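work.cif (mmCIF, C-alpha atoms)
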data_query
loop_
_atom_site.label_atom_id
_atom_site.label_comp_id
_atom_site.auth_asym_id
_atom_site.auth_seq_id
_atom_site.Cartn_x
_atom_site.Cartn_y
_atom_site.Cartn_z
CA LYS A 1140 182.89 126.84 164.92
CA ALA A 1141 181.56 123.42 165.73
CA GLY A 1142 178.09 122.70 164.42
CA VAL A 1143 175.01 121.58 166.28
CA THR A 1144 175.56 118.24 167.95
CA GLN A 1145 172.97 115.72 169.07
CA THR A 1146 173.34 112.67 171.26
CA PRO A 1147 172.73 109.87 171.02
CA ARG A 1148 172.55 109.39 167.26
CA TYR A 1149 170.52 106.19 167.43
CA LEU A 1150 168.27 104.79 170.10
CA ILE A 1151 166.06 101.73 170.44
CA LYS A 1152 163.42 101.69 173.15
CA THR A 1153 160.31 99.68 173.93
CA ARG A 1154 156.78 100.93 174.41
CA GLY A 1155 156.15 102.49 177.78
CA GLN A 1156 159.75 103.49 178.38
CA GLN A 1157 160.97 107.06 178.50
CA VAL A 1158 163.82 108.67 176.60
CA THR A 1159 165.96 111.80 176.87
CA LEU A 1160 167.67 113.35 173.87
CA SER A 1161 170.34 116.02 174.04
CA CYS A 1162 171.23 118.92 171.76
CA SER A 1163 174.24 121.24 171.98
CA PRO A 1164 173.80 124.37 169.86
CA ILE A 1165 176.48 126.27 168.02
CA SER A 1166 178.56 128.29 170.46
CA GLY A 1167 176.89 131.64 171.09
CA HIS A 1168 173.46 130.52 169.90
CA ARG A 1169 170.76 130.97 172.50
CA SER A 1170 167.71 129.64 170.67
CA VAL A 1171 167.16 125.90 170.28
CA SER A 1172 164.20 124.38 168.44
CA TRP A 1173 163.19 120.73 168.26
CA TYR A 1174 161.45 118.99 165.37
CA GLN A 1175 160.09 115.51 164.75
CA GLN A 1176 160.44 114.05 161.26
CA THR A 1177 158.41 111.05 160.11
CA PRO A 1178 157.77 109.75 156.58
CA GLY A 1179 154.04 110.41 156.89
CA GLN A 1180 153.93 113.80 158.59
CA GLY A 1181 157.22 115.29 157.48
CA LEU A 1182 158.91 117.80 159.77
CA GLN A 1183 156.80 119.01 162.67
CA PHE A 1184 157.76 121.59 165.26
CA LEU A 1185 157.92 120.43 168.87
CA PHE A 1186 159.14 123.42 170.89
CA GLU A 1187 161.61 126.27 171.04
CA TYR A 1188 163.72 127.41 173.97
CA PHE A 1189 165.49 130.71 174.42
CA SER A 1190 167.49 131.64 177.50
CA GLU A 1191 166.12 128.65 179.44
CA THR A 1192 162.49 129.57 178.71
CA GLN A 1193 160.10 127.77 176.42
CA ARG A 1194 159.05 130.39 173.93
CA ASN A 1195 156.91 128.36 171.57
CA LYS A 1196 155.27 124.95 171.57
CA GLY A 1197 153.91 122.77 168.82
CA ASN A 1198 150.85 120.56 168.84
CA PHE A 1199 152.21 117.50 170.63
CA PRO A 1200 150.91 115.71 173.72
CA GLY A 1201 152.26 116.46 177.16
CA ARG A 1202 154.41 113.32 177.01
CA PHE A 1203 156.85 115.46 175.04
CA SER A 1204 158.74 117.95 177.17
CA GLY A 1205 161.98 119.82 177.06
CA ARG A 1206 164.28 122.13 178.89
CA GLN A 1207 167.26 124.35 178.29
CA PHE A 1208 170.24 124.87 180.51
CA SER A 1209 172.18 128.05 181.23
CA ASN A 1210 174.83 127.04 178.67
CA SER A 1211 172.04 126.83 176.02
CA ARG A 1212 172.25 123.04 175.76
CA SER A 1213 168.80 121.55 175.50
CA GLU A 1214 167.20 118.24 176.26
CA MET A 1215 163.89 116.80 175.22
CA ASN A 1216 162.13 114.00 177.02
CA VAL A 1217 159.44 111.65 175.83
CA SER A 1218 157.67 109.65 178.48
CA THR A 1219 155.55 106.53 178.02
CA LEU A 1220 156.83 105.88 174.52
CA GLU A 1221 154.42 104.78 171.80
CA LEU A 1222 155.18 103.03 168.51
CA GLY A 1223 154.24 106.23 166.68
CA ASP A 1224 157.05 108.11 168.41
CA SER A 1225 159.55 106.35 166.15
CA ALA A 1226 161.08 109.20 164.17
CA LEU A 1227 164.13 111.30 163.47
CA TYR A 1228 164.35 114.04 166.08
CA LEU A 1229 166.18 117.14 164.91
CA CYS A 1230 167.26 120.19 166.79
CA ALA A 1231 168.23 123.52 165.31
CA SER A 1232 169.90 126.58 166.75
CA THR A 1233 170.05 130.27 165.95
CA PRO A 1234 171.66 133.18 167.77
CA LEU A 1235 168.43 134.85 168.88
CA GLY A 1236 165.57 132.98 167.24
CA THR A 1237 164.37 135.96 165.21
CA GLY A 1238 162.84 135.73 161.77
CA GLN A 1239 165.97 136.98 160.08
CA GLU A 1240 168.28 134.13 161.03
CA THR A 1241 169.24 130.92 159.29
CA GLN A 1242 168.45 127.84 161.33
CA TYR A 1243 171.35 125.40 161.71
CA PHE A 1244 170.35 121.80 162.18
CA GLY A 1245 172.09 118.94 163.91
CA PRO A 1246 172.39 115.43 162.44
CA GLY A 1247 169.42 114.17 164.42
CA THR A 1248 168.66 111.32 166.78
CA ARG A 1249 166.90 108.37 165.20
CA LEU A 1250 164.54 106.79 167.73
CA LEU A 1251 163.00 103.39 167.14
CA VAL A 1252 160.25 102.27 169.50
CA LEU A 1253 159.51 98.55 169.52
CA LYS B 949 146.63 127.42 159.14
CA GLN B 950 149.96 127.84 157.37
CA GLU B 951 150.70 125.28 154.71
CA VAL B 952 153.73 124.72 152.53
CA THR B 953 153.45 122.56 149.43
CA GLN B 954 156.27 121.22 147.29
CA ILE B 955 155.72 119.85 143.84
CA PRO B 956 156.86 117.45 142.48
CA ALA B 957 157.42 114.99 145.33
CA ALA B 958 160.16 113.30 143.33
CA LEU B 959 162.21 114.23 140.29
CA SER B 960 164.79 112.36 138.25
CA VAL B 961 167.01 114.19 135.75
CA PRO B 962 170.14 113.41 133.74
CA GLU B 963 173.40 114.96 134.83
CA GLY B 964 174.03 118.44 133.46
CA GLU B 965 170.40 119.45 133.23
CA ASN B 966 169.14 122.70 134.76
CA LEU B 967 166.12 122.20 136.99
CA VAL B 968 163.58 124.07 139.07
CA LEU B 969 162.01 122.97 142.33
CA ASN B 970 158.76 124.59 143.40
CA CYS B 971 157.44 125.64 146.78
CA SER B 972 154.12 127.34 147.51
CA PHE B 973 152.95 128.80 150.81
CA THR B 974 149.68 130.18 152.12
CA ASP B 975 150.77 132.93 154.54
CA SER B 976 151.47 136.22 152.77
CA ALA B 977 152.84 137.73 156.03
CA ILE B 978 156.03 135.79 155.54
CA TYR B 979 159.25 136.75 157.33
CA ASN B 980 161.55 134.54 155.35
CA LEU B 981 161.71 131.44 153.20
CA GLN B 982 164.49 128.91 153.62
CA TRP B 983 165.64 126.11 151.39
CA PHE B 984 167.32 123.08 152.94
CA ARG B 985 168.95 119.95 151.66
CA GLN B 986 168.66 116.61 153.44
CA ASP B 987 170.70 113.55 152.59
CA PRO B 988 169.21 110.16 153.53
CA GLY B 989 169.13 109.63 157.29
CA LYS B 990 170.88 112.92 157.95
CA GLY B 991 170.04 116.34 159.31
CA LEU B 992 169.20 119.42 157.28
CA THR B 993 171.74 121.68 155.63
CA SER B 994 170.65 125.25 155.02
CA LEU B 995 171.13 126.26 151.38
CA LEU B 996 169.58 129.69 151.04
CA LEU B 997 167.50 132.07 153.13
CA ILE B 998 165.40 134.78 151.44
CA GLN B 999 164.10 137.60 153.59
CA SER B 1000 160.61 138.92 152.84
CA SER B 1001 162.13 142.15 151.49
CA GLN B 1002 164.27 140.25 148.97
CA ARG B 1003 163.30 138.66 145.69
CA GLU B 1004 166.15 136.21 145.27
CA GLN B 1005 169.36 134.80 146.68
CA THR B 1006 172.20 133.04 144.92
CA SER B 1007 174.88 130.65 146.09
CA GLY B 1008 177.07 129.01 143.49
CA ARG B 1009 174.87 126.95 141.16
CA LEU B 1010 171.79 127.60 143.29
CA ASN B 1011 169.35 130.46 142.91
CA ALA B 1012 166.22 130.86 145.00
CA SER B 1013 163.45 133.32 144.27
CA LEU B 1014 160.55 134.56 146.35
CA ASP B 1015 157.24 135.96 145.12
CA LYS B 1016 155.12 136.91 148.11
CA SER B 1017 152.15 138.05 146.05
CA SER B 1018 151.71 134.64 144.45
CA GLY B 1019 152.90 132.68 147.50
CA ARG B 1020 155.64 130.94 145.59
CA SER B 1021 159.34 130.25 145.81
CA THR B 1022 161.55 128.39 143.37
CA LEU B 1023 164.97 126.82 143.74
CA TYR B 1024 166.93 126.75 140.51
CA ILE B 1025 169.84 124.32 140.23
CA ALA B 1026 172.16 124.86 137.29
CA ALA B 1027 174.17 122.12 135.63
CA SER B 1028 173.00 119.40 138.01
CA GLN B 1029 175.48 116.80 139.29
CA PRO B 1030 175.00 113.36 140.86
CA GLY B 1031 176.15 114.89 144.17
CA ASP B 1032 173.05 117.09 144.10
CA SER B 1033 170.89 114.02 144.69
CA ALA B 1034 169.05 114.60 147.96
CA THR B 1035 165.71 115.75 149.31
CA TYR B 1036 165.15 119.49 149.10
CA LEU B 1037 162.86 121.10 151.64
CA CYS B 1038 161.49 124.60 151.79
CA ALA B 1039 160.24 126.19 154.98
CA GLU B 1040 158.54 129.48 155.74
CA LEU B 1041 158.70 131.61 158.85
CA SER B 1042 155.82 133.98 159.60
CA GLY B 1043 155.31 136.16 162.65
CA ASN B 1044 156.09 134.42 165.91
CA THR B 1045 155.34 130.98 164.57
CA PRO B 1046 158.05 128.40 164.05
CA LEU B 1047 159.27 127.18 160.69
CA VAL B 1048 156.62 125.38 158.66
CA PHE B 1049 158.11 122.82 156.29
CA GLY B 1050 156.97 121.33 153.04
CA LYS B 1051 157.20 117.56 152.54
CA GLY B 1052 160.17 117.99 150.21
CA THR B 1053 161.17 117.08 146.68
CA ARG B 1054 163.38 114.01 146.33
CA LEU B 1055 165.88 114.71 143.55
CA SER B 1056 167.89 112.06 141.71
CA VAL B 1057 170.55 113.18 139.25
CA ILE B 1058 171.55 110.32 136.99
CA ALA B 1059 175.14 110.15 135.70
#
Turn the structure described in the file into structure tokens.
Amino acid sequence: KAGVTQTPRYLIKTRGQQVTLSCSPISGHRSVSWYQQTPGQGLQFLFEYFSETQRNKGNFPGRFSGRQFSNSRSEMNVSTLELGDSALYLCASTPLGTGQETQYFGPGTRLLVL
Amino acid sequence: KQEVTQIPAALSVPEGENLVLNCSFTDSAIYNLQWFRQDPGKGLTSLLLIQSSQREQTSGRLNASLDKSSGRSTLYIAASQPGDSATYLCAELSGNTPLVFGKGTRLSVIA
């Protein structure tokens, strides 16, 4: 089975712009979670989607949003980019998003905001 | 608030040495504890998952233990190799909350 894929892998944007990142989960996985990783804060949860519905949300401003499509692919959007949004954005998938499943992570999208 | 702490933040050992990485967590109502490996600039690779009903899991040279009563997990790496050099992260899952990660231990195995 192919693993979790994320596109693009690298992105450079300027302050005030918006960005959309994409995540394709492992085939058959219906839960997709997004995380932000920075050197200072470590890995922080953004949100989780299951069957096109947001099931959980982390403590991030409304500039961060996401969605999931019927094929389980997910996108996250960040509007009005700030310098502090520079980070590695990781997505992870599981079959059902229960507490008994291993989370499988993609390689991440590295976003640099100038 | 759930917190996961990993000590030490960095560790350097000679090749062949056995080593232990530590992870402590605050939520006793834990569902599972996962250990991940992250190579520089890359995503996370799942190493081991321990369910709350289990005490340990083994995969090759890796052994992870879970002690809910003390809020601790350890990752034991036997006969370390330079290829084991990476950052090791532990994460706990409790209730309906998402994974909470520690900051990681950066391991360097010197040949």
With a distance threshold of 8 Å and counting only C-alpha atoms, extract the residues of chain B near chain A and express them as a tab-separated table (two decimals) with C-alpha atoms, in the frame of the given file.
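New file part38.tsv:
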chain	number	residue	atom	x	y	z
B	979	TYR	CA	159.25	136.75	157.33
B	980	ASN	CA	161.55	134.54	155.35
B	982	GLN	CA	164.49	128.91	153.62
B	990	LYS	CA	170.88	112.92	157.95
B	991	GLY	CA	170.04	116.34	159.31
B	992	LEU	CA	169.20	119.42	157.28
B	993	THR	CA	171.74	121.68	155.63
B	994	SER	CA	170.65	125.25	155.02
B	997	LEU	CA	167.50	132.07	153.13
B	999	GLN	CA	164.10	137.60	153.59
B	1041	LEU	CA	158.70	131.61	158.85
B	1042	SER	CA	155.82	133.98	159.60
B	1043	GLY	CA	155.31	136.16	162.65
B	1045	THR	CA	155.34	130.98	164.57
B	1046	PRO	CA	158.05	128.40	164.05
B	1047	LEU	CA	159.27	127.18	160.69
B	1048	VAL	CA	156.62	125.38	158.66
B	1049	PHE	CA	158.11	122.82	156.29
B	1050	GLY	CA	156.97	121.33	153.04
B	1051	LYS	CA	157.20	117.56	152.54
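The shortest atom-to-atom distance to Ser1028 of chain B, with all atoms listed in the file taken into account, belongs to B:Val968 out of B:Ile998, B:Ile955, B:Leu981, B:Val968.
Distance annotation: of B:Arg985, B:Lys949, B:Arg1054, B:Lys1016, the residue with the minimal separation from Gln1002 of chain B is B:Lys1016; atom set is all atoms listed in the file.
Computed from the coordinates, the atom CA of Gln950 of chain B to atom CA of Cys1162 of chain A distance equals 27.2 Å.
Shortest atom-to-atom contact with Gln954 of chain B among B:Phe973, B:Ser1033, B:Gly989, B:Ser1056: B:Phe973, counting all atoms listed in the file.
The gap separating atom CA of Pro988 of chain B from atom CA of Thr1159 of chain A is 23.6 Å, in Å to one decimal.
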Counting all atoms listed in the file, find the residues whose atoms lie at most 6 Å from (162.4, 128.1, 142.1) (file coordinates) and write them out as a VMD selection string. chain B and resid 968 to 970 1012 to 1013 1021 to 1024
Could you write out as a ChimeraX atom specification the residues that the PyMOL selection byres ((chain B and resi 1037) around 6) matches in the shown file? /B:983-984,1036,1038,1052
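Atom CA of Ser1166 of chain A to atom CA of Ser1209 of chain A spans 12.5 Å [interatomic distance, one decimal].
Shell of Gln1157 of chain A at 9 Å, with all atoms listed in the file counted and residues fewer than 3 places along the chain excluded, is Lys1152, Thr1153, Arg1154, Asn1216, Val1217, Ser1218, Thr1219 and Leu1220 of chain A.
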How about saving the chosen residues, C-alpha atoms kept, as a short mmCIF file (atom, residue, chain, number, x, y, z; two decimals), keeping the file's coordinate frame?
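New file again_5.cif:
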data_model
loop_
_atom_site.label_atom_id
_atom_site.label_comp_id
_atom_site.auth_asym_id
_atom_site.auth_seq_id
_atom_site.Cartn_x
_atom_site.Cartn_y
_atom_site.Cartn_z
CA LYS A 1152 163.42 101.69 173.15
CA THR A 1153 160.31 99.68 173.93
CA ARG A 1154 156.78 100.93 174.41
CA ASN A 1216 162.13 114.00 177.02
CA VAL A 1217 159.44 111.65 175.83
CA SER A 1218 157.67 109.65 178.48
CA THR A 1219 155.55 106.53 178.02
CA LEU A 1220 156.83 105.88 174.52
#
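Across the chains present, the PyMOL selection byres ((chain A and resi 1204) around 7) applied to this file returns Gly1201, Arg1202, Phe1203, Gly1205, Met1215, Asn1216 and Val1217 of chain A.
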Please produce a file of the residues just selected, as a PDB file, in the coordinates of the input, where the atoms kept are C-alpha atoms.
ATOM      1  CA  GLY A1201     152.260 116.460 177.160  1.00  0.00           C
ATOM      2  CA  ARG A1202     154.410 113.320 177.010  1.00  0.00           C
ATOM      3  CA  PHE A1203     156.850 115.460 175.040  1.00  0.00           C
ATOM      4  CA  GLY A1205     161.980 119.820 177.060  1.00  0.00           C
ATOM      5  CA  MET A1215     163.890 116.800 175.220  1.00  0.00           C
ATOM      6  CA  ASN A1216     162.130 114.000 177.020  1.00  0.00           C
ATOM      7  CA  VAL A1217     159.440 111.650 175.830  1.00  0.00           C
TER       8      VAL A1217
END
Expanded to explicit residues, what is the PyMOL selection byres ((chain B and resi 1031) around 10) for this file, as a PyMOL selection string? chain B and resi 963+1028-1030+1032-1034+1056-1059
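The smallest atom-to-atom distance between Val1143 of chain A and any of A:Ser1211, A:Ser1225, A:Asn1198, A:Gln1156, using all atoms listed in the file, is found for A:Ser1211.
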Find the residues around Thr1053 of chain B up to 6 Å (all atoms listed in the file counted), leave out those fewer than 2 positions away in its own chain, and share them as a PDB file with C-alpha atoms, keeping the file's coordinate frame.
ATOM      1  CA  ALA B 957     157.420 114.990 145.330  1.00  0.00           C
ATOM      2  CA  ALA B 958     160.160 113.300 143.330  1.00  0.00           C
ATOM      3  CA  THR B1035     165.710 115.750 149.310  1.00  0.00           C
ATOM      4  CA  TYR B1036     165.150 119.490 149.100  1.00  0.00           C
TER       5      TYR B1036
END
Using only C-alpha atoms, which protein or nucleic acid residues come within 7 Å of Arg1169 of chain A? Drop anything in the same chain fewer than 3 positions from it, and give the result as a ChimeraX atom specification. /A:1189-1190,1211,1233-1235
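Residue nearest Val1158 of chain A within the list A:Phe1199, A:Lys1140, A:Thr1146, A:Gln1193: A:Thr1146 [criterion: smallest interatomic distance, only C-alpha atoms].
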